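Heads up, the thing below is written out as structure tokens.
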Amino acid sequence: MEYNFKKTEQQSKQFWKEQKVYKVENDPSRRKYYVLDMFPYPSGAGLHVGHPLGYIASDIFARFKTMKGYNVLHPMGFDAFGLPAEQYALETGQHPAVTTEKNIARYKEQLDNSGFNYDWAREVRTSDPAYYKWTQWIFLQLFESWFNRSTQKAEPVSTLIAILKKEGNSHHPLPSGKERLITAEEWQNATGSERRNILMEYRLAYLDYAEVWWCEALGTVLANDEVINGVSERGGHPVEKKKMRQWFLRITEYADRLTSSLNDLDWSEAMKEMQKNWIGKSEGASVLFDIQGSDKKLEVFTTRPDTIFGVDFMVLAPEHELVNEITANTDKNTVEEYITYVKSRSERERMMEKKISGAFTGAYAVHPFNGKSIPIWISEYVLAGYGTGAIMAVPSGDERDFAFAQHFNIPVTNIFGEQFNGEGVITDKNIPLHNSDFINGLNAQEALPVILSEIESKGIGKRKINYKLRDAGFSRQRYWGEPFPIVYKNGIPYAINEPEAALTEEQQQLPVTLPHIENYKPGPQGEGPLANISEWVTLTNTKGETLKRETNTMPGYAGSSWYFLRYMNPANDTTFADRNATDYWNQVDLYIGGTEHAVGHLLYSRMWTKVLSDLGWIGFDEPFKKLLNQGMIGGNSRLVYRISGTQQFVSAGLKDKYTTDAIHVDVNIVDGVELDIDKFKSWREEYRNATFILEDGRYICGTLLEKMSKRYYNVVNPDDIIGQYGADTFRMYEMFLGPVEMGKPWDTKGIEGVHRFLKKFWRLFYDEQQGWIVTDGEPAENELKAMHKSIKKIESDTGKLALNTAVSQFMICVNELSDMHCHKRHILDPLVRLIAPYAPHIAEFLWQQLGHSGSVVHAAFPQWEEQYVTENTKRYPVAINGKARTEMEFALDADPARIETEVLANPAVQKWTEGKEIKKFIYVKGKMLNVVVG
RNA sequence: GCGGGUGUGGUGAAAUUGGUAGACACGCUAGACUUAGGAUCUAGUGCCGCGAGGCUUGGGGGUUCGAGUCCCUCCACCCGCACCA
């Protein structure tokens, strides 16, 4: 019997199922390890060959850790709420619950085919009421909390109420930055709804009438990270700014903590940078400028207050609230025209072509130090959403200001002396300032504290930290998501369990279940489909009042922001996860997933974790200790060339002689680059009578590396690969392709090598003629050496997640053992355990064949013995007075005193050092030996 | 423009972190066994050269006895952000 992967895999799977080997217990007596994959969204297309890359790596690592004695949690679940299922429902009328269920079943089947070690009893689905009950509960935690800037922590709103009652908000300004002082007296005199409005300004989940990204095509609002280059991330539809009443998460309050605690995380620099850039912390000052002929003041944010003597003009965003008020009558027309022009430009246009444009308002600001008049302009290069929506322009020190000044012929003040030649701007912070009154001669670092204290003492501004990060939109006008546990009474939102809402016991219960609907069309006035179900929306409370439910649903990232906690205690119905469970499993030790979630999911889950930690529900405030980003596996497309206007196809090498159209052809009907002409003819009706111009009797296809996608016909399904070569080959090949974090195009060709290796491995145990050939003989030294070398290398590679080189080492080891005709149990037994994380099916099968009673899943990872591993010697050059003279061999860990003796005894060294005094021996990095003679 | 990353055979990639560059595999060439092989095994395979030998890690320069690895500089590609004041 040759290596029959179908049989071994089926038997092993059966065995695992019967023995329940993947059951995971919360066992505090054992040291834990938590390996997590970013759970998939179960799309209709199923998994392609690129998806499992990370899953395989995490599975190998989880199995490895288990065999090293850890209690390992390596769960899997589904991010099951979301837009695509609903879009599909709109097109086909199939209920999202039905398609989601179907897709999950398909995904699970595919995942099981690869032999992953999930304990499906711990599966979570974000669309499951038993799960989203707790998503809603956490939302209420956010709603009922505020961020206390003094303690830098989330606290229940009750502590805020106590503070407001006692001292008003003088020590706790509104998070939005709006200047509004509330005294204790005002608070006492405020009505119930006024108080609620004030509290709303502080809540971590809050309702606000604010500008959001609206996507007409998707019929919903999107978060900033869901909008890419001015179009929606999903579908690439245009988006526009729109003012709507929306739920938001006050993530900006955590901006500082989210930035600073990145330092403690074992994430790639790229990933940390992306988050830092997204949060965009910048330190500077806000400065108030008087406006001539107005009692209003103009507030700007600048990171370079030291350049304040170089201000030549001010620029406001066209949407700035002061624009109307300050514009001089003579300039009204130009300004209005300009604003109309700006409004006519779509977000996308604005980003694509950055034109210098603007208009003068006719108004002037007053320089706070020298009283100079400064013209006030408006321009779209100043963004309403950042800082104060207004800047002081310093053309000699800022590219954009300079370009603007040049374009509109605004005279430029030089504050850098000879360094500034009127052509390029000066951004170097070491250049001393000129023309700058009391900070003349100081460079930026020196001038900064001086000017800041001057600004602060004059009361015209203060130090300020600004963030790019915006509060996250949390409402979606969609059906397939978590309903909010919120009701409205006279337009004021209440949590369903608040006494003021006076709901019945039953109405107060979580979850607020998503009702079944048949019609997915949007509701009236930009509301979601839920607004169409009046019997669900309207409810009567115990006082007989009529209340309305929130009809929006939560965004996709709600459920995924905390799912890693649910795996720890998935069936709990009294809390989201028991504190004992979260204390035990604690942080995710290794999190594997793609970079596409850099600023979305990864930021939101970090925030939620911090909030839950602040409120004392969990004992850690960062969710993912180590993050590994697997590379994307790209598609390797095949092209055929059709002579334009015909059904004649020309082979790639000859295509330049004709005018051709390149057409994607299904990679599955191409062998390497050679097209299977018969399969091609039956692939599509239109090609049935195609004719071909061949080269050397073959039709050669063109190749193209691009995204793996249905529409390029370059999708390779793991099921096909597993069907042809088996899951063990598939797993090892994916790892063999290269480092997990590196992206690469899929190429099926090389898989033969891995498959051959497994067949060879099998032949160590089984011989065609003699059957099972494992013997009990004592192993020879060289056999032990081969084995222990591999154990050492593979253990260290696996630990470092260098899984590609580990696979290579397996091949080396098996090649050596088969050259030695080694079939000894003493060698093969450890080898089976060694390979078990990588090729679990064949390992289990052989483990049973070797007569063990338990599963290899619970066997111990083999230990290497130093005596068989250490290389004895290595050749090093011995240099004399810095020049290489001779090479000698030394034991790697030899005693330095012995090396010195040996070196001096060497004839070549004696010859060069003859008659000279030996001054000293130098070990370079503990390896290279230098002899210095006098 | 800013930030991060990568450049090594025909291909995917290794390199004990400054110590014999190209492990391991694909592919290719020859051969063996075979009715046959897309099974298996053996040998070869960075480039130039008949050869001795020489050259070689994107280009150039440097440090070092010694550089794929460290420093400077230029080039190319990939990813992220992008009027963020």
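Letters A, B, ... go to the chains of the structure tokens in the order shown; residues in each chain start at 1; ligands are counted from 1 in the same order.
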
Selection near G62 in chain B, 12 Å with only C-alpha atoms (C1' of nucleotides), sequence-local residues under 3 positions removed, as a ChimeraX atom specification: /B:67,70-73

Within 7 Å of A85 in chain B, counting only C-alpha atoms (C1' of nucleotides), which residues show up once you throw out same-chain ones fewer than 6 positions away? Write them as a PyMOL selection string, please. chain A and resi 301-302+391

Write the selection just made, keeping all heavy atoms, as a compact mmCIF listing (two decimals), in the first residue's frame?
```txt
# COMPACT_ATOMS: atom_id res chain seq x y z
N PHE A 301 -5.16 76.33 14.89
CA PHE A 301 -4.25 75.36 15.50
C PHE A 301 -2.97 75.34 14.69
O PHE A 301 -3.00 75.34 13.46
CB PHE A 301 -4.86 73.96 15.52
CG PHE A 301 -3.91 72.91 15.98
CD1 PHE A 301 -3.55 72.81 17.32
CD2 PHE A 301 -3.34 72.01 15.07
CE1 PHE A 301 -2.65 71.85 17.75
CE2 PHE A 301 -2.43 71.04 15.51
CZ PHE A 301 -2.09 70.97 16.85
N THR A 302 -1.84 75.37 15.40
CA THR A 302 -0.56 75.29 14.69
C THR A 302 0.42 74.43 15.47
O THR A 302 0.40 74.41 16.70
CB THR A 302 0.06 76.68 14.46
OG1 THR A 302 1.35 76.53 13.89
CG2 THR A 302 0.18 77.47 15.76
N ILE A 391 -6.28 78.14 9.73
CA ILE A 391 -4.83 78.12 9.97
C ILE A 391 -4.26 79.52 9.87
O ILE A 391 -4.84 80.42 9.25
CB ILE A 391 -4.08 77.22 8.97
CG1 ILE A 391 -4.26 77.74 7.54
CG2 ILE A 391 -4.53 75.79 9.09
CD1 ILE A 391 -3.20 77.24 6.58
```

Chain B contacts to chain A at 10 Å (only C-alpha atoms (C1' of nucleotides)) as JSON, numbers by chain: {"B": [3, 4, 5, 6, 11, 12, 13, 14, 18, 19, 20, 23, 24, 25, 26, 27, 64, 65, 66, 78, 79, 80, 81, 82, 83, 84, 85]}

Test item: residues at most 10 Å from Phe564 in chain A, only C-alpha atoms (C1' of nucleotides), excluding those fewer than 5 positions along its chain, as a ChimeraX atom specification: /A:34,36-39,75-77,124,569-570,582,586-588,591,605,623-624

Deliver the residues from the most recent selection as a file, using C-alpha atoms, as a short mmCIF file (atom, residue, chain, number, x, y, z; two decimals), in the first residue's frame.
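Saved file part27.cif follows:
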```
data_model
loop_
_atom_site.label_atom_id
_atom_site.label_comp_id
_atom_site.auth_asym_id
_atom_site.auth_seq_id
_atom_site.Cartn_x
_atom_site.Cartn_y
_atom_site.Cartn_z
CA TYR A 34 -4.12 31.70 23.29
CA LEU A 36 -6.32 33.41 17.47
CA ASP A 37 -7.12 33.90 13.82
CA MET A 38 -9.11 36.85 12.58
CA PHE A 39 -12.45 35.16 12.10
CA PRO A 75 -10.93 28.81 18.45
CA MET A 76 -12.78 29.71 15.29
CA GLY A 77 -16.01 31.53 14.60
CA VAL A 124 -19.07 32.08 18.06
CA ASN A 569 -16.53 31.29 27.92
CA PRO A 570 -18.85 30.93 24.93
CA THR A 582 -10.97 36.05 31.11
CA ASN A 586 -6.15 36.69 29.36
CA GLN A 587 -4.64 38.38 26.32
CA VAL A 588 -4.41 36.74 22.94
CA TYR A 591 -3.09 36.94 16.72
CA SER A 605 -11.14 46.11 19.64
CA PRO A 623 -6.35 42.47 23.51
CA PHE A 624 -3.56 41.23 21.24
#
```

So which residues of range 409-502 of chain A fall under strand (DSSP E or B) by DSSP, listed as a PyMOL selection string? chain A and resi 461-466+472-473+476+483+486-489+492-495

For range 760-768 of chain A, find every residue with an atom within 7 Å (counting only C-alpha atoms (C1' of nucleotides)), except residues of its own chain fewer than 4 positions away, and show them as JSON, numbers by chain. {"A": [1, 2, 3, 756, 772, 773, 774, 814, 818, 823]}

Computed interatomic separation between CA of Arg257 in chain A and CA of Ser560 in chain A (Å):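 Value for the CA of Arg257 in chain A-CA of Ser560 in chain A distance: 20.7 Å.
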
For a quick check of understanding, using only C-alpha atoms, which of A:Lys800, A:Lys625, A:Lys548, A:His821 has the smallest distance to Glu783 in chain A?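 The answer is A:His821, which sits nearest to Glu783 in chain A.
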
Apply DSSP to the backbone of this structure and, from range 546-620 of chain A, keep only the residues in alpha helix (DSSP H); write these as a ChimeraX atom specification. /A:556-560,563-566,579-585,601-614

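Using only C-alpha atoms (C1' of nucleotides), the protein and nucleic acid residues lying no more than 9 Å from range 683-699 of chain A, apart from those fewer than 3 places from it along its own chain, are Val640, Thr646, Gln647, Gln648, Phe649, Val650, Ser651, Ala652, Gly653, Leu654, Asp666, Ile669, Val673, Glu674, Leu675, Asp676, Ile677, Asp678, Lys679 and Phe680 of chain A.
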
So that I have them on file, write out the residues from the current selection with C-alpha atoms, as a short mmCIF file (atom, residue, chain, number, x, y, z; two decimals), in the first residue's frame.
```cif
data_model
loop_
_atom_site.label_atom_id
_atom_site.label_comp_id
_atom_site.auth_asym_id
_atom_site.auth_seq_id
_atom_site.Cartn_x
_atom_site.Cartn_y
_atom_site.Cartn_z
CA VAL A 640 -5.34 33.57 -24.13
CA THR A 646 -12.43 36.36 -34.79
CA GLN A 647 -12.63 33.12 -32.81
CA GLN A 648 -9.01 32.34 -33.61
CA PHE A 649 -6.56 32.19 -30.72
CA VAL A 650 -2.84 32.67 -31.05
CA SER A 651 -0.20 31.22 -28.73
CA ALA A 652 1.57 33.75 -26.46
CA GLY A 653 4.90 33.60 -28.30
CA LEU A 654 3.33 34.58 -31.63
CA ASP A 666 -9.77 29.51 -16.11
CA ILE A 669 -7.95 24.16 -17.59
CA VAL A 673 1.18 27.54 -19.16
CA GLU A 674 -0.06 25.04 -21.72
CA LEU A 675 -3.73 25.32 -22.54
CA ASP A 676 -5.82 22.16 -22.62
CA ILE A 677 -7.56 22.93 -25.90
CA ASP A 678 -10.35 20.40 -25.48
CA LYS A 679 -11.23 21.67 -22.04
CA PHE A 680 -11.08 25.21 -23.34
#
```

Report the distance between CA of Glu201 in chain A and CA of Pro499 in chain A in Å, rounded to one decimal place.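 Taking CA of Glu201 in chain A as the start and CA of Pro499 in chain A as the end point, the length is 20.7 Å.
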
Residues at most 7 Å from range 657-663 of chain A, counting only C-alpha atoms (C1' of nucleotides), excluding those fewer than 2 positions away in the same chain, as number ranges by chain? A: 639-644, 654-655, 665

Write the residues of the selection above to a file with N, CA and C atoms, as a tab-separated table (two decimals), in the first residue's frame.
```
chain	number	residue	atom	x	y	z
A	639	LEU	N	-3.77	33.90	-19.57
A	639	LEU	CA	-4.43	34.66	-20.63
A	639	LEU	C	-4.33	33.92	-21.95
A	640	VAL	N	-5.40	34.03	-22.74
A	640	VAL	CA	-5.34	33.57	-24.13
A	640	VAL	C	-5.52	34.81	-25.01
A	641	TYR	N	-5.00	34.72	-26.22
A	641	TYR	CA	-5.02	35.90	-27.10
A	641	TYR	C	-5.88	35.62	-28.31
A	642	ARG	N	-6.98	36.33	-28.38
A	642	ARG	CA	-7.90	36.15	-29.50
A	642	ARG	C	-7.63	37.22	-30.54
A	643	ILE	N	-7.48	36.78	-31.77
A	643	ILE	CA	-7.28	37.75	-32.84
A	643	ILE	C	-8.58	38.55	-32.98
A	644	SER	N	-8.42	39.85	-32.88
A	644	SER	CA	-9.60	40.71	-32.77
A	644	SER	C	-10.64	40.42	-33.84
A	654	LEU	N	3.55	34.07	-30.27
A	654	LEU	CA	3.33	34.58	-31.63
A	654	LEU	C	2.35	35.75	-31.66
A	655	LYS	N	1.89	36.14	-30.45
A	655	LYS	CA	0.77	37.09	-30.42
A	655	LYS	C	1.12	38.48	-30.96
A	665	VAL	N	-8.46	33.18	-18.84
A	665	VAL	CA	-8.98	31.83	-19.01
A	665	VAL	C	-8.82	31.11	-17.67
```

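Restricting the calculation to only C-alpha atoms, the smallest distance between Pro173 in chain A and any of A:Asn490, A:Ser150, A:Asn443, A:Gln292 is found for A:Ser150.
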
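For the pair CA of Ser286 in chain A and CA of Pro175 in chain A, the interatomic distance is 16.1 Å.
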
Write out as a JSON list (two decimals) with all heavy atoms, in the first residue's frame which residues come within 8 Å of range 234-241 of chain A when counting only C-alpha atoms (C1' of nucleotides), dropping same-chain ones fewer than 3 positions away.
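Output (out14.json):
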```
[["chain", "number", "residue", "atom", "x", "y", "z"],
["A", 211, "GLU", "N", -21.82, 65.44, 10.81],
["A", 211, "GLU", "CA", -21.46, 65.09, 9.46],
["A", 211, "GLU", "C", -20.89, 63.68, 9.41],
["A", 211, "GLU", "O", -20.01, 63.33, 10.19],
["A", 211, "GLU", "CB", -20.43, 66.09, 8.93],
["A", 211, "GLU", "CG", -20.72, 66.45, 7.50],
["A", 211, "GLU", "CD", -20.06, 67.75, 7.10],
["A", 211, "GLU", "OE1", -18.84, 67.86, 7.29],
["A", 211, "GLU", "OE2", -20.77, 68.62, 6.60],
["A", 212, "VAL", "N", -21.41, 62.89, 8.50],
["A", 212, "VAL", "CA", -20.92, 61.51, 8.36],
["A", 212, "VAL", "C", -20.80, 61.21, 6.86],
["A", 212, "VAL", "O", -21.28, 61.96, 6.02],
["A", 212, "VAL", "CB", -21.92, 60.50, 8.97],
["A", 212, "VAL", "CG1", -21.87, 60.55, 10.47],
["A", 212, "VAL", "CG2", -23.32, 60.75, 8.45],
["A", 213, "TRP", "N", -20.12, 60.11, 6.59],
["A", 213, "TRP", "CA", -20.04, 59.65, 5.20],
["A", 213, "TRP", "C", -21.31, 58.91, 4.86],
["A", 213, "TRP", "O", -21.63, 57.92, 5.50],
["A", 213, "TRP", "CB", -18.84, 58.72, 5.00],
["A", 213, "TRP", "CG", -17.53, 59.41, 5.08],
["A", 213, "TRP", "CD1", -16.56, 59.21, 6.01],
["A", 213, "TRP", "CD2", -17.01, 60.37, 4.16],
["A", 213, "TRP", "NE1", -15.49, 60.01, 5.76],
["A", 213, "TRP", "CE2", -15.73, 60.74, 4.62],
["A", 213, "TRP", "CE3", -17.51, 60.98, 3.01],
["A", 213, "TRP", "CZ2", -14.94, 61.67, 3.97],
["A", 213, "TRP", "CZ3", -16.72, 61.91, 2.36],
["A", 213, "TRP", "CH2", -15.44, 62.24, 2.85],
["A", 214, "TRP", "N", -22.01, 59.39, 3.86],
["A", 214, "TRP", "CA", -23.23, 58.71, 3.42],
["A", 214, "TRP", "C", -22.96, 58.08, 2.06],
["A", 214, "TRP", "O", -22.41, 58.72, 1.17],
["A", 214, "TRP", "CB", -24.38, 59.69, 3.33],
["A", 214, "TRP", "CG", -25.59, 59.14, 2.65],
["A", 214, "TRP", "CD1", -25.98, 59.33, 1.36],
["A", 214, "TRP", "CD2", -26.57, 58.28, 3.24],
["A", 214, "TRP", "NE1", -27.14, 58.64, 1.09],
["A", 214, "TRP", "CE2", -27.52, 57.98, 2.22],
["A", 214, "TRP", "CE3", -26.73, 57.71, 4.51],
["A", 214, "TRP", "CZ2", -28.61, 57.14, 2.46],
["A", 214, "TRP", "CZ3", -27.83, 56.88, 4.73],
["A", 214, "TRP", "CH2", -28.76, 56.61, 3.71],
["A", 215, "CYS", "N", -23.32, 56.81, 1.95],
["A", 215, "CYS", "CA", -23.15, 56.14, 0.67],
["A", 215, "CYS", "C", -24.54, 55.84, 0.11],
["A", 215, "CYS", "O", -25.27, 55.01, 0.66],
["A", 215, "CYS", "CB", -22.34, 54.86, 0.82],
["A", 215, "CYS", "SG", -22.18, 53.98, -0.74],
["A", 216, "GLU", "N", -24.88, 56.54, -0.95],
["A", 216, "GLU", "CA", -26.22, 56.41, -1.54],
["A", 216, "GLU", "C", -26.45, 54.99, -2.07],
["A", 216, "GLU", "O", -27.47, 54.38, -1.83],
["A", 216, "GLU", "CB", -26.36, 57.44, -2.68],
["A", 216, "GLU", "CG", -27.76, 57.57, -3.24],
["A", 216, "GLU", "CD", -28.77, 58.06, -2.19],
["A", 216, "GLU", "OE1", -28.44, 58.99, -1.43],
["A", 216, "GLU", "OE2", -29.88, 57.50, -2.15],
["A", 217, "ALA", "N", -25.44, 54.47, -2.76],
["A", 217, "ALA", "CA", -25.60, 53.16, -3.39],
["A", 217, "ALA", "C", -25.86, 52.07, -2.36],
["A", 217, "ALA", "O", -26.66, 51.16, -2.56],
["A", 217, "ALA", "CB", -24.37, 52.82, -4.22],
["A", 218, "LEU", "N", -25.15, 52.15, -1.23],
["A", 218, "LEU", "CA", -25.33, 51.15, -0.18],
["A", 218, "LEU", "C", -26.48, 51.53, 0.75],
["A", 218, "LEU", "O", -26.91, 50.74, 1.57],
["A", 218, "LEU", "CB", -24.04, 50.96, 0.62],
["A", 218, "LEU", "CG", -22.85, 50.40, -0.16],
["A", 218, "LEU", "CD1", -21.60, 50.40, 0.72],
["A", 218, "LEU", "CD2", -23.14, 48.99, -0.66],
["A", 226, "GLU", "N", -14.03, 52.86, 6.57],
["A", 226, "GLU", "CA", -14.73, 52.12, 5.53],
["A", 226, "GLU", "C", -14.80, 52.92, 4.23],
["A", 226, "GLU", "O", -15.38, 52.49, 3.25],
["A", 226, "GLU", "CB", -16.14, 51.75, 6.00],
["A", 226, "GLU", "CG", -16.14, 50.74, 7.13],
["A", 226, "GLU", "CD", -17.49, 50.58, 7.80],
["A", 226, "GLU", "OE1", -18.22, 51.58, 7.96],
["A", 226, "GLU", "OE2", -17.82, 49.45, 8.17],
["A", 227, "VAL", "N", -14.22, 54.11, 4.25],
["A", 227, "VAL", "CA", -14.17, 54.96, 3.06],
["A", 227, "VAL", "C", -12.72, 55.07, 2.63],
["A", 227, "VAL", "O", -11.86, 55.47, 3.40],
["A", 227, "VAL", "CB", -14.72, 56.37, 3.36],
["A", 227, "VAL", "CG1", -14.58, 57.26, 2.14],
["A", 227, "VAL", "CG2", -16.18, 56.28, 3.79],
["A", 230, "GLY", "N", -12.13, 58.26, -1.16],
["A", 230, "GLY", "CA", -13.36, 58.91, -1.55],
["A", 230, "GLY", "C", -14.46, 57.99, -2.06],
["A", 230, "GLY", "O", -15.48, 58.47, -2.53],
["A", 231, "VAL", "N", -14.25, 56.68, -1.98],
["A", 231, "VAL", "CA", -15.32, 55.75, -2.34],
["A", 231, "VAL", "C", -15.46, 54.69, -1.24],
["A", 231, "VAL", "O", -14.55, 54.51, -0.43],
["A", 231, "VAL", "CB", -15.07, 55.05, -3.70],
["A", 231, "VAL", "CG1", -15.06, 56.04, -4.83],
["A", 231, "VAL", "CG2", -13.78, 54.24, -3.66],
["A", 346, "SER", "N", -16.81, 66.71, -5.94],
["A", 346, "SER", "CA", -17.01, 65.53, -5.11],
["A", 346, "SER", "C", -15.73, 65.30, -4.30],
["A", 346, "SER", "O", -14.66, 65.79, -4.64],
["A", 346, "SER", "CB", -17.30, 64.31, -5.97],
["A", 346, "SER", "OG", -16.11, 63.89, -6.61],
["A", 347, "GLU", "N", -15.90, 64.54, -3.24],
["A", 347, "GLU", "CA", -14.77, 64.20, -2.39],
["A", 347, "GLU", "C", -13.66, 63.59, -3.23],
["A", 347, "GLU", "O", -12.47, 63.88, -3.07],
["A", 347, "GLU", "CB", -15.24, 63.22, -1.32],
["A", 347, "GLU", "CG", -14.24, 62.94, -0.22],
["A", 347, "GLU", "CD", -13.85, 64.20, 0.54],
["A", 347, "GLU", "OE1", -14.65, 65.15, 0.55],
["A", 347, "GLU", "OE2", -12.74, 64.23, 1.08],
["A", 348, "ARG", "N", -14.06, 62.76, -4.18],
["A", 348, "ARG", "CA", -13.10, 62.05, -5.00],
["A", 348, "ARG", "C", -12.31, 63.02, -5.90],
["A", 348, "ARG", "O", -11.09, 62.97, -5.98],
["A", 348, "ARG", "CB", -13.82, 61.02, -5.85],
["A", 348, "ARG", "CG", -12.89, 60.06, -6.51],
["A", 348, "ARG", "CD", -13.62, 58.84, -7.04],
["A", 348, "ARG", "NE", -12.67, 58.08, -7.84],
["A", 348, "ARG", "CZ", -11.68, 57.38, -7.33],
["A", 348, "ARG", "NH1", -11.49, 57.33, -6.03],
["A", 348, "ARG", "NH2", -10.86, 56.71, -8.12]]
```
